[in-house]
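Participant: This is the structure, below, for whatever I ask next.
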2 protein chains.
Amino acid sequence: MPARQPPLKQLLANHQFAKPNREFKLAAIDTAAKPFSGGDKADDKAAVDALALELDTLQNLFFADRRFKLLVVLQGLDTSGKDGTLRGVFGRMSPLGVRTVGWKAPTEPERAHDFLWRIHQQLPAAGEIAVFNRSHYEDVLVPVVNGQLSPRQTSQRYAQINDFERLLSETGTVIVKFMLHISNKEQRQRLQDRLDDPTKRWKFQSGDLTVRKQWDAYQQAYQRAIAATATAWAPWTIVPADSKTHRNLMIATVLKDQLQRLKLRYPPSDPALDRLRVE
Amino acid sequence: MPARQPPLKQLLANHQFAKPNREFKLAAIDTAAKPFSGGDKADDKAAVDALALELDTLQNLFFADRRFKLLVVLQGLDTSGKDGTLRGVFGRMSPLGVRTVGWKAPTEPERAHDFLWRIHQQLPAAGEIAVFNRSHYEDVLVPVVNGQLSPRQTSQRYAQINDFERLLSETGTVIVKFMLHISNKEQRQRLQDRLDDPTKRWKFQSGDLTVRKQWDAYQQAYQRAIAATATAWAPWTIVPADSKTHRNLMIATVLKDQLQRLKLRYPPSDPALDRLRVE
């Protein structure tokens with residue numbers, strides 16, 4: 001980003017939420033906004049590439065340091081760009097450096113446990129970065145929209161998530177949650193593109209259209225879930241995601257800032273190694 | 001690679017082994033050879049990048065096709081370049097497209113099972129590519145070198161591995177095994193570099209030097225294990241790996257060829273989707 005841009009905190013003022021139940025309207029956040037853009041698309045793309053390489057370096061240091069675990073949550077409706085974010089933002093890290101978990105509908109053995117059971121098993125270990133493509137937040141979205149949870153049960157789940165994430169935070173996990181925010185029109189275009197491209201059509205599922213018809217209900221469920229689970233220890237960032245380049249630029253910038261604030265360092269080295277010659 | 005190069009089969013003649021107990025001497029394979037190089041290092045690097053992007057496209061098709069599973073095994077001594085291969089060859093695939101598994105010494109619960117128990121759990125599913133950084137082959141190397149397995153027990157393990165891999169092959173898993181072959185001198189240099197570079201020293205473990213002292217025993221254990229487990233359904237490729245660029249070039253070329261021979265295709269599409277418009 002050009003140096004003339006306002007500081008990150010100011011740029012994020014209307015997009016990052018770290019206090020539960022602060023009043024906010026998802027609909028008031030412009031999906032086409034580009035607060036992190038320098039104005040020129042080619043420059044923005046080059047900035048994303050540079051950031052992805054910086055994140056690779058930071059990942060190496062993060063792994064060596066081993067004081068923290070990093071959990072990145074990517075949430076968003078179909079076609080909102082979760083896969084594209086994985087490629088654009090995390091794609092320059094060594095495949096060993098980042099573990100991605102794509103969450104699907106729970107299986108039968110998973111459903112026989114509480115909804116956080118399977119999540120706990122996939123959390124990052126010390127020095128590890130895990131990126132969740134969808135997450136435990138699906139469990140306060142899908143069943144809410146489909147009327148399978150009462151308002152009381154839903155509120156209980158929000159509180160359970162907050163407590164769970166606080167445990168993780170208190171035990172060294174840095175949690176960064178992104179909601180990829182696209183417009184209804186943008187989703188229509190992307191689904192149509194998926195249908196029209198023979199190399200992408202296999203991704204199309206008729207269920208995509210069923211979910212699309214529940215657009216308003218999902219927007220509302222997202223708004224409530226984000227408001228209820230935006231905490232100091234696990235803030236949400238709403239990412240205007242109609243522009244893929246801007247989406248990657250914003251996410252990479254927030255992650256870089258987060259990693260830099262950890263003041264990562266290489267572990268102290270044994271002075272005896274200074275003079276060691278390998279035979 | 002320039003078109004004037006001999007065909008792949010010929011290039012691989014002395015490096016790929018698909019028949020058990022064929023006589024071969026690991027020491028006879030030159031670790032500094034560059035059979036896949038076009039001669040110019042910059043050209044070779046560009047070729048690796050181009051291949052990595054082609055492998056990304058093939059991975060997308062592999063996932064869509066879903067008829068196969070792909071298991072890539074990377075074996076080699078410390079510093080032989082397993083991590084570098086992951087980055088150079090697989091680094092352009094979407095993080096969602098490839099799952100890497102780094103195998104360490106087995107934990108106590110793992111040791112309470114047969115040695116293939118934990119391996120089975122991490123195998124690729126349909127459409128998935130899994131890359132093993134070390135593998136079940138450690139179980140016919142480490143305990144052999146350390147005298148914890150009798151020759152009879154070792155032979156039994158070779159047979160168990162062959163049977164296990166045949167099961168996998170018969171049920172749709174394509175198995176590609178690479179041994180990254182470096183010289184003793186090259187390892188000394190790389191370990192020394194690790195010590196001397198403050199951003200890499202944290203990777204250094206004094207155990208690395210203990211294992212290094214067992215060099216000859218490891219070469220012999222590798223030679224025997226490869227000879228015993230080179231099968232038609234799970235061949236070994238010995239990769240001259242003193243040159244990192246050549247190593248990546250050779251591995252990427254073999255993988256691309258393997259994927260192309262599967263005649264991958266997009267699944268048949270429902271003609272009703274041809275005229276569907278997203279509302």
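How things are named: the first chain in the structure tokens is A, the next is B, and so on; residues count from 1 in each chain; ligands count from 1 in the order shown.
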So which residues of region 85-264 of chain B fall under strand (DSSP E) by DSSP, listed as a PDB file with all heavy atoms, in the first residue's frame?
Facilitator:
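For reference, result05.pdb as written:
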```pdb
ATOM      1  N   VAL B  98      -3.595 -30.262  -1.897  1.00  0.00           N
ATOM      2  CA  VAL B  98      -2.585 -31.245  -1.527  1.00  0.00           C
ATOM      3  C   VAL B  98      -2.466 -31.278   0.002  1.00  0.00           C
ATOM      4  O   VAL B  98      -2.448 -30.246   0.664  1.00  0.00           O
ATOM      5  CB  VAL B  98      -1.230 -30.912  -2.202  1.00  0.00           C
ATOM      6  CG1 VAL B  98      -0.748 -29.528  -1.865  1.00  0.00           C
ATOM      7  CG2 VAL B  98      -0.175 -31.931  -1.868  1.00  0.00           C
ATOM      8  N   ARG B  99      -2.440 -32.457   0.537  1.00  0.00           N
ATOM      9  CA  ARG B  99      -2.316 -32.606   1.984  1.00  0.00           C
ATOM     10  C   ARG B  99      -0.948 -33.199   2.260  1.00  0.00           C
ATOM     11  O   ARG B  99      -0.601 -34.240   1.719  1.00  0.00           O
ATOM     12  CB  ARG B  99      -3.419 -33.512   2.526  1.00  0.00           C
ATOM     13  CG  ARG B  99      -3.398 -33.674   4.036  1.00  0.00           C
ATOM     14  CD  ARG B  99      -4.718 -34.251   4.560  1.00  0.00           C
ATOM     15  NE  ARG B  99      -5.066 -35.488   3.895  1.00  0.00           N
ATOM     16  CZ  ARG B  99      -4.606 -36.692   4.262  1.00  0.00           C
ATOM     17  NH1 ARG B  99      -3.813 -36.812   5.300  1.00  0.00           N
ATOM     18  NH2 ARG B  99      -4.969 -37.779   3.609  1.00  0.00           N
ATOM     19  N   THR B 100      -0.155 -32.518   3.091  1.00  0.00           N
ATOM     20  CA  THR B 100       1.159 -33.051   3.413  1.00  0.00           C
ATOM     21  C   THR B 100       1.116 -33.661   4.810  1.00  0.00           C
ATOM     22  O   THR B 100       0.430 -33.167   5.701  1.00  0.00           O
ATOM     23  CB  THR B 100       2.229 -31.952   3.397  1.00  0.00           C
ATOM     24  OG1 THR B 100       1.878 -30.951   4.348  1.00  0.00           O
ATOM     25  CG2 THR B 100       2.322 -31.315   2.025  1.00  0.00           C
ATOM     26  N   VAL B 101       1.832 -34.740   4.965  1.00  0.00           N
ATOM     27  CA  VAL B 101       1.923 -35.383   6.271  1.00  0.00           C
ATOM     28  C   VAL B 101       3.397 -35.556   6.608  1.00  0.00           C
ATOM     29  O   VAL B 101       4.127 -36.219   5.864  1.00  0.00           O
ATOM     30  CB  VAL B 101       1.227 -36.767   6.279  1.00  0.00           C
ATOM     31  CG1 VAL B 101       1.178 -37.328   7.695  1.00  0.00           C
ATOM     32  CG2 VAL B 101      -0.166 -36.690   5.683  1.00  0.00           C
ATOM     33  N   GLY B 102       3.835 -34.916   7.673  1.00  0.00           N
ATOM     34  CA  GLY B 102       5.217 -35.071   8.110  1.00  0.00           C
ATOM     35  C   GLY B 102       5.275 -36.127   9.196  1.00  0.00           C
ATOM     36  O   GLY B 102       4.719 -35.947  10.272  1.00  0.00           O
ATOM     37  N   ILE B 129      -4.711 -35.664  -3.123  1.00  0.00           N
ATOM     38  CA  ILE B 129      -3.280 -35.915  -3.249  1.00  0.00           C
ATOM     39  C   ILE B 129      -2.660 -35.770  -1.869  1.00  0.00           C
ATOM     40  O   ILE B 129      -2.845 -34.742  -1.211  1.00  0.00           O
ATOM     41  CB  ILE B 129      -2.624 -34.912  -4.225  1.00  0.00           C
ATOM     42  CG1 ILE B 129      -3.200 -35.100  -5.635  1.00  0.00           C
ATOM     43  CG2 ILE B 129      -1.105 -35.062  -4.231  1.00  0.00           C
ATOM     44  CD1 ILE B 129      -2.680 -34.101  -6.662  1.00  0.00           C
ATOM     45  N   ALA B 130      -1.984 -36.801  -1.406  1.00  0.00           N
ATOM     46  CA  ALA B 130      -1.285 -36.715  -0.125  1.00  0.00           C
ATOM     47  C   ALA B 130       0.202 -36.919  -0.384  1.00  0.00           C
ATOM     48  O   ALA B 130       0.592 -37.799  -1.152  1.00  0.00           O
ATOM     49  CB  ALA B 130      -1.804 -37.760   0.862  1.00  0.00           C
ATOM     50  N   VAL B 131       1.004 -36.071   0.237  1.00  0.00           N
ATOM     51  CA  VAL B 131       2.452 -36.213   0.113  1.00  0.00           C
ATOM     52  C   VAL B 131       3.011 -36.539   1.483  1.00  0.00           C
ATOM     53  O   VAL B 131       2.796 -35.796   2.443  1.00  0.00           O
ATOM     54  CB  VAL B 131       3.107 -34.925  -0.417  1.00  0.00           C
ATOM     55  CG1 VAL B 131       4.586 -35.177  -0.707  1.00  0.00           C
ATOM     56  CG2 VAL B 131       2.406 -34.431  -1.669  1.00  0.00           C
ATOM     57  N   PHE B 132       3.688 -37.667   1.565  1.00  0.00           N
ATOM     58  CA  PHE B 132       4.300 -38.079   2.828  1.00  0.00           C
ATOM     59  C   PHE B 132       5.752 -37.609   2.868  1.00  0.00           C
ATOM     60  O   PHE B 132       6.567 -37.999   2.031  1.00  0.00           O
ATOM     61  CB  PHE B 132       4.279 -39.608   2.964  1.00  0.00           C
ATOM     62  CG  PHE B 132       2.945 -40.190   3.364  1.00  0.00           C
ATOM     63  CD1 PHE B 132       1.808 -39.404   3.472  1.00  0.00           C
ATOM     64  CD2 PHE B 132       2.833 -41.555   3.658  1.00  0.00           C
ATOM     65  CE1 PHE B 132       0.576 -39.957   3.849  1.00  0.00           C
ATOM     66  CE2 PHE B 132       1.610 -42.113   4.039  1.00  0.00           C
ATOM     67  CZ  PHE B 132       0.488 -41.318   4.131  1.00  0.00           C
ATOM     68  N   ASN B 133       6.061 -36.787   3.855  1.00  0.00           N
ATOM     69  CA  ASN B 133       7.422 -36.362   4.140  1.00  0.00           C
ATOM     70  C   ASN B 133       7.951 -37.353   5.173  1.00  0.00           C
ATOM     71  O   ASN B 133       7.600 -37.279   6.339  1.00  0.00           O
ATOM     72  CB  ASN B 133       7.362 -34.933   4.709  1.00  0.00           C
ATOM     73  CG  ASN B 133       8.730 -34.359   4.996  1.00  0.00           C
ATOM     74  OD1 ASN B 133       9.695 -35.103   5.154  1.00  0.00           O
ATOM     75  ND2 ASN B 133       8.808 -33.045   5.081  1.00  0.00           N
ATOM     76  N   THR B 173      -5.516 -46.267  -5.434  1.00  0.00           N
ATOM     77  CA  THR B 173      -4.453 -45.331  -5.051  1.00  0.00           C
ATOM     78  C   THR B 173      -3.248 -45.485  -5.980  1.00  0.00           C
ATOM     79  O   THR B 173      -2.715 -46.586  -6.135  1.00  0.00           O
ATOM     80  CB  THR B 173      -4.005 -45.573  -3.597  1.00  0.00           C
ATOM     81  OG1 THR B 173      -5.135 -45.426  -2.744  1.00  0.00           O
ATOM     82  CG2 THR B 173      -2.933 -44.556  -3.184  1.00  0.00           C
ATOM     83  N   VAL B 174      -2.865 -44.387  -6.589  1.00  0.00           N
ATOM     84  CA  VAL B 174      -1.648 -44.349  -7.392  1.00  0.00           C
ATOM     85  C   VAL B 174      -0.504 -44.003  -6.440  1.00  0.00           C
ATOM     86  O   VAL B 174      -0.588 -43.004  -5.715  1.00  0.00           O
ATOM     87  CB  VAL B 174      -1.770 -43.291  -8.502  1.00  0.00           C
ATOM     88  CG1 VAL B 174      -0.474 -43.170  -9.285  1.00  0.00           C
ATOM     89  CG2 VAL B 174      -2.949 -43.622  -9.413  1.00  0.00           C
ATOM     90  N   ILE B 175       0.521 -44.850  -6.416  1.00  0.00           N
ATOM     91  CA  ILE B 175       1.608 -44.666  -5.460  1.00  0.00           C
ATOM     92  C   ILE B 175       2.893 -44.316  -6.203  1.00  0.00           C
ATOM     93  O   ILE B 175       3.302 -45.044  -7.111  1.00  0.00           O
ATOM     94  CB  ILE B 175       1.822 -45.950  -4.625  1.00  0.00           C
ATOM     95  CG1 ILE B 175       0.509 -46.367  -3.939  1.00  0.00           C
ATOM     96  CG2 ILE B 175       2.927 -45.739  -3.589  1.00  0.00           C
ATOM     97  CD1 ILE B 175       0.575 -47.735  -3.272  1.00  0.00           C
ATOM     98  N   VAL B 176       3.496 -43.218  -5.829  1.00  0.00           N
ATOM     99  CA  VAL B 176       4.746 -42.778  -6.457  1.00  0.00           C
ATOM    100  C   VAL B 176       5.751 -42.523  -5.337  1.00  0.00           C
ATOM    101  O   VAL B 176       5.507 -41.693  -4.457  1.00  0.00           O
ATOM    102  CB  VAL B 176       4.527 -41.488  -7.273  1.00  0.00           C
ATOM    103  CG1 VAL B 176       5.768 -41.158  -8.082  1.00  0.00           C
ATOM    104  CG2 VAL B 176       3.321 -41.613  -8.193  1.00  0.00           C
ATOM    105  N   LYS B 177       6.857 -43.251  -5.350  1.00  0.00           N
ATOM    106  CA  LYS B 177       7.826 -43.156  -4.256  1.00  0.00           C
ATOM    107  C   LYS B 177       9.153 -42.602  -4.761  1.00  0.00           C
ATOM    108  O   LYS B 177       9.711 -43.119  -5.737  1.00  0.00           O
ATOM    109  CB  LYS B 177       8.036 -44.549  -3.646  1.00  0.00           C
ATOM    110  CG  LYS B 177       6.725 -45.194  -3.159  1.00  0.00           C
ATOM    111  CD  LYS B 177       6.926 -46.529  -2.467  1.00  0.00           C
ATOM    112  CE  LYS B 177       7.434 -47.631  -3.359  1.00  0.00           C
ATOM    113  NZ  LYS B 177       7.176 -49.000  -2.834  1.00  0.00           N
ATOM    114  N   PHE B 178       9.630 -41.561  -4.100  1.00  0.00           N
ATOM    115  CA  PHE B 178      10.895 -40.944  -4.475  1.00  0.00           C
ATOM    116  C   PHE B 178      11.900 -41.078  -3.343  1.00  0.00           C
ATOM    117  O   PHE B 178      11.589 -40.786  -2.186  1.00  0.00           O
ATOM    118  CB  PHE B 178      10.710 -39.450  -4.757  1.00  0.00           C
ATOM    119  CG  PHE B 178       9.838 -39.154  -5.943  1.00  0.00           C
ATOM    120  CD1 PHE B 178       8.514 -38.768  -5.772  1.00  0.00           C
ATOM    121  CD2 PHE B 178      10.346 -39.256  -7.237  1.00  0.00           C
ATOM    122  CE1 PHE B 178       7.705 -38.490  -6.859  1.00  0.00           C
ATOM    123  CE2 PHE B 178       9.541 -38.980  -8.340  1.00  0.00           C
ATOM    124  CZ  PHE B 178       8.216 -38.595  -8.148  1.00  0.00           C
ATOM    125  N   MET B 179      13.120 -41.501  -3.694  1.00  0.00           N
ATOM    126  CA  MET B 179      14.209 -41.461  -2.731  1.00  0.00           C
ATOM    127  C   MET B 179      15.152 -40.337  -3.170  1.00  0.00           C
ATOM    128  O   MET B 179      15.679 -40.352  -4.282  1.00  0.00           O
ATOM    129  CB  MET B 179      14.953 -42.797  -2.711  1.00  0.00           C
ATOM    130  CG  MET B 179      15.937 -42.919  -1.551  1.00  0.00           C
ATOM    131  SD  MET B 179      17.593 -42.359  -2.019  1.00  0.00           S
ATOM    132  CE  MET B 179      18.527 -42.697  -0.540  1.00  0.00           C
ATOM    133  N   LEU B 180      15.312 -39.328  -2.320  1.00  0.00           N
ATOM    134  CA  LEU B 180      16.173 -38.196  -2.638  1.00  0.00           C
ATOM    135  C   LEU B 180      17.594 -38.557  -2.232  1.00  0.00           C
ATOM    136  O   LEU B 180      17.887 -38.724  -1.045  1.00  0.00           O
ATOM    137  CB  LEU B 180      15.690 -36.933  -1.910  1.00  0.00           C
ATOM    138  CG  LEU B 180      14.191 -36.615  -2.010  1.00  0.00           C
ATOM    139  CD1 LEU B 180      13.905 -35.210  -1.518  1.00  0.00           C
ATOM    140  CD2 LEU B 180      13.695 -36.771  -3.431  1.00  0.00           C
ATOM    141  N   HIS B 181      18.441 -38.663  -3.238  1.00  0.00           N
ATOM    142  CA  HIS B 181      19.757 -39.285  -3.078  1.00  0.00           C
ATOM    143  C   HIS B 181      20.837 -38.197  -3.098  1.00  0.00           C
ATOM    144  O   HIS B 181      21.069 -37.573  -4.133  1.00  0.00           O
ATOM    145  CB  HIS B 181      19.915 -40.259  -4.256  1.00  0.00           C
ATOM    146  CG  HIS B 181      21.131 -41.117  -4.229  1.00  0.00           C
ATOM    147  ND1 HIS B 181      21.638 -41.677  -3.079  1.00  0.00           N
ATOM    148  CD2 HIS B 181      21.945 -41.537  -5.243  1.00  0.00           C
ATOM    149  CE1 HIS B 181      22.709 -42.398  -3.379  1.00  0.00           C
ATOM    150  NE2 HIS B 181      22.921 -42.321  -4.681  1.00  0.00           N
ATOM    151  N   TRP B 236       9.771 -47.316  -7.179  1.00  0.00           N
ATOM    152  CA  TRP B 236      10.654 -46.317  -6.585  1.00  0.00           C
ATOM    153  C   TRP B 236      11.372 -45.545  -7.684  1.00  0.00           C
ATOM    154  O   TRP B 236      11.823 -46.144  -8.664  1.00  0.00           O
ATOM    155  CB  TRP B 236      11.739 -47.006  -5.750  1.00  0.00           C
ATOM    156  CG  TRP B 236      11.354 -47.301  -4.330  1.00  0.00           C
ATOM    157  CD1 TRP B 236      11.050 -48.529  -3.822  1.00  0.00           C
ATOM    158  CD2 TRP B 236      11.273 -46.372  -3.242  1.00  0.00           C
ATOM    159  NE1 TRP B 236      10.770 -48.423  -2.480  1.00  0.00           N
ATOM    160  CE2 TRP B 236      10.901 -47.105  -2.090  1.00  0.00           C
ATOM    161  CE3 TRP B 236      11.463 -44.999  -3.132  1.00  0.00           C
ATOM    162  CZ2 TRP B 236      10.718 -46.502  -0.851  1.00  0.00           C
ATOM    163  CZ3 TRP B 236      11.282 -44.397  -1.903  1.00  0.00           C
ATOM    164  CH2 TRP B 236      10.922 -45.145  -0.776  1.00  0.00           C
ATOM    165  N   THR B 237      11.546 -44.254  -7.469  1.00  0.00           N
ATOM    166  CA  THR B 237      12.405 -43.463  -8.337  1.00  0.00           C
ATOM    167  C   THR B 237      13.521 -42.876  -7.477  1.00  0.00           C
ATOM    168  O   THR B 237      13.246 -42.225  -6.462  1.00  0.00           O
ATOM    169  CB  THR B 237      11.608 -42.332  -9.020  1.00  0.00           C
ATOM    170  OG1 THR B 237      10.520 -42.897  -9.740  1.00  0.00           O
ATOM    171  CG2 THR B 237      12.494 -41.543  -9.968  1.00  0.00           C
ATOM    172  N   ILE B 238      14.762 -43.158  -7.874  1.00  0.00           N
ATOM    173  CA  ILE B 238      15.910 -42.598  -7.159  1.00  0.00           C
ATOM    174  C   ILE B 238      16.274 -41.279  -7.826  1.00  0.00           C
ATOM    175  O   ILE B 238      16.559 -41.246  -9.031  1.00  0.00           O
ATOM    176  CB  ILE B 238      17.142 -43.532  -7.230  1.00  0.00           C
ATOM    177  CG1 ILE B 238      16.751 -44.984  -6.979  1.00  0.00           C
ATOM    178  CG2 ILE B 238      18.245 -43.038  -6.291  1.00  0.00           C
ATOM    179  CD1 ILE B 238      16.689 -45.405  -5.580  1.00  0.00           C
ATOM    180  N   VAL B 239      16.235 -40.213  -7.052  1.00  0.00           N
ATOM    181  CA  VAL B 239      16.417 -38.869  -7.607  1.00  0.00           C
ATOM    182  C   VAL B 239      17.790 -38.326  -7.223  1.00  0.00           C
ATOM    183  O   VAL B 239      18.035 -38.071  -6.037  1.00  0.00           O
ATOM    184  CB  VAL B 239      15.327 -37.921  -7.068  1.00  0.00           C
ATOM    185  CG1 VAL B 239      15.490 -36.523  -7.666  1.00  0.00           C
ATOM    186  CG2 VAL B 239      13.939 -38.478  -7.343  1.00  0.00           C
ATOM    187  N   PRO B 240      18.694 -38.143  -8.194  1.00  0.00           N
ATOM    188  CA  PRO B 240      19.957 -37.466  -7.870  1.00  0.00           C
ATOM    189  C   PRO B 240      19.618 -36.078  -7.342  1.00  0.00           C
ATOM    190  O   PRO B 240      18.975 -35.286  -8.038  1.00  0.00           O
ATOM    191  CB  PRO B 240      20.679 -37.388  -9.222  1.00  0.00           C
ATOM    192  CG  PRO B 240      20.047 -38.447 -10.066  1.00  0.00           C
ATOM    193  CD  PRO B 240      18.619 -38.505  -9.612  1.00  0.00           C
TER     194      PRO B 240
END
```
Participant: As a list in words, could you give me every residue of chain A near chain B (at most 6 Å apart, counting only C-alpha atoms)?
Facilitator: Arg87, Ser94, Arg188, Gln192 and Val278 of chain A
Participant: For CA of Val48 (chain B) and CA of Ala252 (chain B), determine how far apart the two atoms are, in Å to one decimal place.
Facilitator: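 Computed distance, CA of Val48 (chain B) to CA of Ala252 (chain B), equals 7.0 Å.
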Participant: In Å to one decimal, how far is CA of Arg224 (chain A) from CA of Arg157 (chain A)?
Facilitator: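 Straight-line distance from CA of Arg157 (chain A) to CA of Arg224 (chain A) works out to 12.0 Å.
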Participant: Check the smallest atom-to-atom distance from each of A:Ala112, A:Leu77, A:Tyr137, A:Phe63 to Ala125 (chain A) using only C-alpha atoms, then report the winner.
Facilitator: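 Going through A:Ala112, A:Leu77, A:Tyr137, A:Phe63 one by one, the smallest distance to Ala125 (chain A) is for A:Phe63.
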Participant: Mind pulling up the distance from CA of Gln16 (chain A) to CA of Gln160 (chain A)?
Facilitator: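 That distance, rounded to one decimal, is 21.5 Å.
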Participant: For the structure I just gave you, how does DSSP split region 24-258 of chain B - specifically, which residues are helix (DSSP H, G or I)? Reply as an NGL selection string.
Facilitator: :B and (26-28 or 41-65 or 82-90 or 108-111 or 117-121 or 136-140 or 142-145 or 151-170 or 184-196 or 201-203 or 206-213 or 215-229 or 244-258)
Participant: If we count only C-alpha atoms and set the cut-off at 8 Å, which residues sit around Ala126 (chain B), ignoring sequence neighbours fewer than 4 positions away in its own chain? Please answer as a list in words.
Facilitator: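 Contacts, in chain order: Phe63, Arg66, Arg67, Phe68, Lys69 and Gly172 of chain B.
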Participant: Skip Asp242 (chain A) itself and residues of its chain fewer than 5 positions away, then list as a ChimeraX atom specification all residues within 7 Å of it, counting only C-alpha atoms.
Facilitator: /A:31-32,182-183,186
